[in-house]
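With PDB, C-alpha atoms inside, this is data-v6.pdb:
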ATOM      1  CA  MET A   1      17.124  -5.353  -1.266
ATOM      2  CA  LYS A   2      14.711  -8.205  -1.709
ATOM      3  CA  LYS A   3      14.822  -8.486   2.073
ATOM      4  CA  ILE A   4      13.353  -4.986   2.384
ATOM      5  CA  PHE A   5      10.511  -5.933   0.066
ATOM      6  CA  ILE A   6       9.835  -9.134   1.962
ATOM      7  CA  ILE A   7       9.911  -7.324   5.308
ATOM      8  CA  ALA A   8       7.518  -4.649   4.065
ATOM      9  CA  VAL A   9       5.079  -7.175   2.628
ATOM     10  CA  MET A  10       5.279  -9.318   5.736
ATOM     11  CA  ALA A  11       4.665  -6.218   7.822
ATOM     12  CA  LEU A  12       1.520  -5.382   5.922
ATOM     13  CA  LEU A  13       0.217  -8.904   6.102
ATOM     14  CA  SER A  14       1.219  -9.573   9.692
ATOM     15  CA  ALA A  15      -0.315  -6.302  10.807
ATOM     16  CA  SER A  16      -3.645  -7.312   9.348
ATOM     17  CA  ALA A  17      -3.371 -10.857  10.669
ATOM     18  CA  THR A  18      -2.210  -9.877  14.151
ATOM     19  CA  PHE A  19      -5.070  -7.537  14.917
ATOM     20  CA  ALA A  20      -8.776  -8.161  14.706
ATOM     21  CA  PHE A  21     -10.180  -7.202  11.337
ATOM     22  CA  ASP A  22      -9.658  -3.462  11.247
ATOM     23  CA  SER A  23     -10.349  -1.369   8.196
ATOM     24  CA  ASN A  24      -7.757   1.140   9.435
ATOM     25  CA  ASP A  25      -5.030  -1.219   8.297
ATOM     26  CA  TYR A  26      -6.175  -0.752   4.712
ATOM     27  CA  LYS A  27      -6.796   3.007   4.796
ATOM     28  CA  VAL A  28      -3.334   3.606   3.414
ATOM     29  CA  PHE A  29      -4.586   2.962  -0.110
ATOM     30  CA  LYS A  30      -7.559   5.278   0.297
ATOM     31  CA  VAL A  31      -5.266   8.008   1.629
ATOM     32  CA  LEU A  32      -2.913   7.622  -1.325
ATOM     33  CA  ASN A  33      -5.820   7.649  -3.803
ATOM     34  CA  ASN A  34      -6.257  11.386  -4.270
ATOM     35  CA  GLU A  35      -4.750  13.855  -6.676
ATOM     36  CA  LYS A  36      -2.675  15.759  -4.128
ATOM     37  CA  LYS A  37      -1.112  12.597  -2.679
ATOM     38  CA  ILE A  38      -0.481  11.117  -6.108
ATOM     39  CA  ASN A  39       1.234  14.327  -7.200
ATOM     40  CA  SER A  40       3.418  14.277  -4.075
ATOM     41  CA  LEU A  41       4.154  10.595  -4.518
ATOM     42  CA  SER A  42       5.001  11.182  -8.181
ATOM     43  CA  LYS A  43       7.557  13.821  -7.249
ATOM     44  CA  TYR A  44       9.028  11.692  -4.484
ATOM     45  CA  LEU A  45       9.307   8.628  -6.711
ATOM     46  CA  ASN A  46      10.436  10.704  -9.703
ATOM     47  CA  ILE A  47       8.023   8.968 -12.074
ATOM     48  CA  ASN A  48       7.084   9.941 -15.600
ATOM     49  CA  ASP A  49       3.605  10.858 -16.843
ATOM     50  CA  GLU A  50       2.814   7.349 -18.076
ATOM     51  CA  GLN A  51       3.756   5.805 -14.725
ATOM     52  CA  LYS A  52       1.661   8.439 -12.943
ATOM     53  CA  GLU A  53      -1.351   7.616 -15.098
ATOM     54  CA  GLN A  54      -0.925   3.908 -14.411
ATOM     55  CA  LEU A  55      -0.529   4.491 -10.653
ATOM     56  CA  THR A  56      -3.684   6.592 -10.611
ATOM     57  CA  TYR A  57      -5.580   3.773 -12.314
ATOM     58  CA  ILE A  58      -4.155   1.150  -9.915
ATOM     59  CA  PHE A  59      -5.144   3.258  -6.898
ATOM     60  CA  GLU A  60      -8.674   3.722  -8.247
ATOM     61  CA  LEU A  61      -9.083  -0.037  -8.760
ATOM     62  CA  THR A  62      -7.531  -0.771  -5.380
ATOM     63  CA  ASP A  63      -9.927   1.635  -3.686
ATOM     64  CA  LYS A  64     -12.974   0.075  -5.363
ATOM     65  CA  LYS A  65     -11.898  -3.478  -4.555
ATOM     66  CA  LEU A  66     -11.032  -2.617  -0.966
ATOM     67  CA  LYS A  67     -14.336  -0.860  -0.445
ATOM     68  CA  THR A  68     -16.170  -3.998  -1.535
ATOM     69  CA  ALA A  69     -14.000  -6.271   0.611
ATOM     70  CA  LEU A  70     -14.388  -4.082   3.700
ATOM     71  CA  GLU A  71     -18.136  -3.735   3.252
ATOM     72  CA  ASN A  72     -18.353  -7.527   3.209
ATOM     73  CA  GLU A  73     -15.822  -7.787   6.074
ATOM     74  CA  ASP A  74     -13.880 -10.230   3.923
ATOM     75  CA  MET A  75     -10.315 -10.212   5.236
ATOM     76  CA  ALA A  76      -9.057 -12.660   2.614
ATOM     77  CA  ALA A  77     -10.375 -10.445  -0.186
ATOM     78  CA  ALA A  78      -8.840  -7.357   1.444
ATOM     79  CA  ASP A  79      -5.467  -9.111   1.642
ATOM     80  CA  LYS A  80      -5.765 -10.041  -2.037
ATOM     81  CA  VAL A  81      -6.390  -6.381  -2.842
ATOM     82  CA  VAL A  82      -3.163  -5.465  -1.025
ATOM     83  CA  TRP A  83      -1.308  -8.035  -3.141
ATOM     84  CA  PHE A  84      -3.069  -6.676  -6.241
ATOM     85  CA  ASN A  85      -1.837  -3.181  -5.461
ATOM     86  CA  LEU A  86       1.723  -4.189  -4.587
ATOM     87  CA  GLY A  87       2.068  -6.464  -7.614
ATOM     88  CA  ASN A  88       0.737  -3.953 -10.102
ATOM     89  CA  VAL A  89       2.703  -1.058  -8.660
ATOM     90  CA  LYS A  90       5.859  -3.198  -8.777
ATOM     91  CA  TYR A  91       5.208  -3.844 -12.457
ATOM     92  CA  VAL A  92       4.855  -0.110 -13.208
ATOM     93  CA  LEU A  93       7.806   1.212 -11.188
ATOM     94  CA  THR A  94      11.530   0.596 -11.345
ATOM     95  CA  ASP A  95      13.120  -1.352  -8.493
ATOM     96  CA  GLU A  96      14.375   1.830  -6.817
ATOM     97  CA  GLN A  97      11.007   3.569  -7.169
ATOM     98  CA  TYR A  98       9.233   0.495  -5.806
ATOM     99  CA  LYS A  99      11.450   0.409  -2.716
ATOM    100  CA  LYS A 100      10.549   4.035  -2.043
ATOM    101  CA  TYR A 101       6.876   3.201  -2.595
ATOM    102  CA  LEU A 102       7.006   0.404  -0.009
ATOM    103  CA  LEU A 103       8.616   2.748   2.494
ATOM    104  CA  THR A 104       5.881   5.299   1.838
ATOM    105  CA  VAL A 105       3.141   2.721   2.329
ATOM    106  CA  ASN A 106       4.711   1.463   5.549
ATOM    107  CA  MET A 107       5.167   4.974   6.941
ATOM    108  CA  THR A 108       1.583   5.899   6.018
ATOM    109  CA  VAL A 109       0.213   2.806   7.766
ATOM    110  CA  ASN A 110       2.168   3.713  10.886
ATOM    111  CA  THR A 111       0.970   7.304  10.758
ATOM    112  CA  LEU A 112      -2.653   6.261  10.333
ATOM    113  CA  ASN A 113      -2.373   3.956  13.310
ATOM    114  CA  ASN A 114      -0.731   6.736  15.360
ATOM    115  CA  ASN A 115       2.059   4.354  16.091
ATOM    116  CA  SER A 116       5.701   5.289  15.810
ATOM    117  CA  GLU A 117       6.958   1.716  15.706
ATOM    118  CA  VAL A 118       8.131   0.336  12.372
ATOM    119  CA  TYR A 119       6.691  -2.983  11.269
ATOM    120  CA  THR A 120       9.148  -5.827  11.011
ATOM    121  CA  ALA A 121       8.856  -9.407   9.919
ATOM    122  CA  GLU A 122       8.942 -10.535  13.546
ATOM    123  CA  LYS A 123       5.616  -8.896  14.378
TER     124      LYS A 123
END
Here is the file; what I need is its structure written in the form of structure tokens.
Amino acid sequence: MKKIFIIAVMALLSASATFAFDSNDYKVFKVLNNEKKINSLSKYLNINDEQKEQLTYIFELTDKKLKTALENEDMAAADKVVWFNLGNVKYVLTDEQYKKYLLTVNMTVNTLNNNSEVYTAEK
């Protein structure tokens, strides 16, 4: 299952490195940072109230940091924010919940880009 994690992370990073700097690649975290989406995600991941509170906080921080990075057009900082989010979410969730989270992030990125292809490590 570590392969799935590595593929998902590589997909996020390769997608941002393959294309010209595009803030659309980072919109996934803004989309997930609202009460309705967090509630849906909480149900899907089957998380408890404490985990939900921590996820909400992580998404708020991620959104603030990404906004700053994108305003400055700083791709390195934006990539660090992605790692910040993934690392902190991994700490809060169980392994099974985290795998579902990565799938959700990947599917949301694909939806936002109106692209039905799934990111792989080869991209």
Would you kindly return, as a PyMOL selection string, each protein, DNA or RNA residue with an atom no farther than 8 Å from any atom of A:Val89, considering only C-alpha atoms and excluding same-chain residues fewer than 3 positions away?
chain A and resi 55+58+85-86+92-93+98
Report as a list in words the full result of the PyMOL selection byres ((chain A and resi 63) around 10) when it is applied to this structure.
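Selection result, ordered by chain and number: Tyr26, Lys27, Val28, Phe29, Lys30, Val31, Leu32, Asn33, Tyr57, Ile58, Phe59, Glu60, Leu61, Thr62, Lys64, Lys65, Leu66, Lys67, Thr68, Ala69, Val81 and Asn85 of chain A.
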Env of A:Lys52: 10 Å cut, atoms = all atoms listed in the file, seq-sep filter 4 positions within chain, self excluded. Answer as a ChimeraX atom specification.
/A:38-39,41-43,45-48,56-58,92-93
For the residues in that selection, give me C-alpha atoms as a PDB file, in the coordinates of the input.
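The resulting again32.pdb:
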ATOM      1  CA  ILE A  38      -0.481  11.117  -6.108  1.00  0.00           C
ATOM      2  CA  ASN A  39       1.234  14.327  -7.200  1.00  0.00           C
ATOM      3  CA  LEU A  41       4.154  10.595  -4.518  1.00  0.00           C
ATOM      4  CA  SER A  42       5.001  11.182  -8.181  1.00  0.00           C
ATOM      5  CA  LYS A  43       7.557  13.821  -7.249  1.00  0.00           C
ATOM      6  CA  LEU A  45       9.307   8.628  -6.711  1.00  0.00           C
ATOM      7  CA  ASN A  46      10.436  10.704  -9.703  1.00  0.00           C
ATOM      8  CA  ILE A  47       8.023   8.968 -12.074  1.00  0.00           C
ATOM      9  CA  ASN A  48       7.084   9.941 -15.600  1.00  0.00           C
ATOM     10  CA  THR A  56      -3.684   6.592 -10.611  1.00  0.00           C
ATOM     11  CA  TYR A  57      -5.580   3.773 -12.314  1.00  0.00           C
ATOM     12  CA  ILE A  58      -4.155   1.150  -9.915  1.00  0.00           C
ATOM     13  CA  VAL A  92       4.855  -0.110 -13.208  1.00  0.00           C
ATOM     14  CA  LEU A  93       7.806   1.212 -11.188  1.00  0.00           C
TER      15      LEU A  93
END
Let me know the centre plus edge lengths, in Å and rounded to one decimal, of a box with edges along x, y and z that contains all listed atoms of stretch 87-103 of chain A and is padded by 3 Å on every side, as JSON.
{"center_x": 7.6, "center_y": -1.2, "center_z": -5.4, "size_x": 19.6, "size_y": 16.5, "size_z": 21.7}
Hey, can you check how far atom CA of A:Gly87 sits from atom CA of A:Asn106?
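For atom CA of A:Gly87 relative to atom CA of A:Asn106, the distance reads 15.6 Å.
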Interatomic distance (Å, one decimal) between atom CA of A:Gln51 and atom CA of A:Val109
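That distance, rounded to one decimal, is 23.0 Å.
A straight line drawn from atom CA of A:Lys90 to atom CA of A:Met107 is 17.7 Å long.
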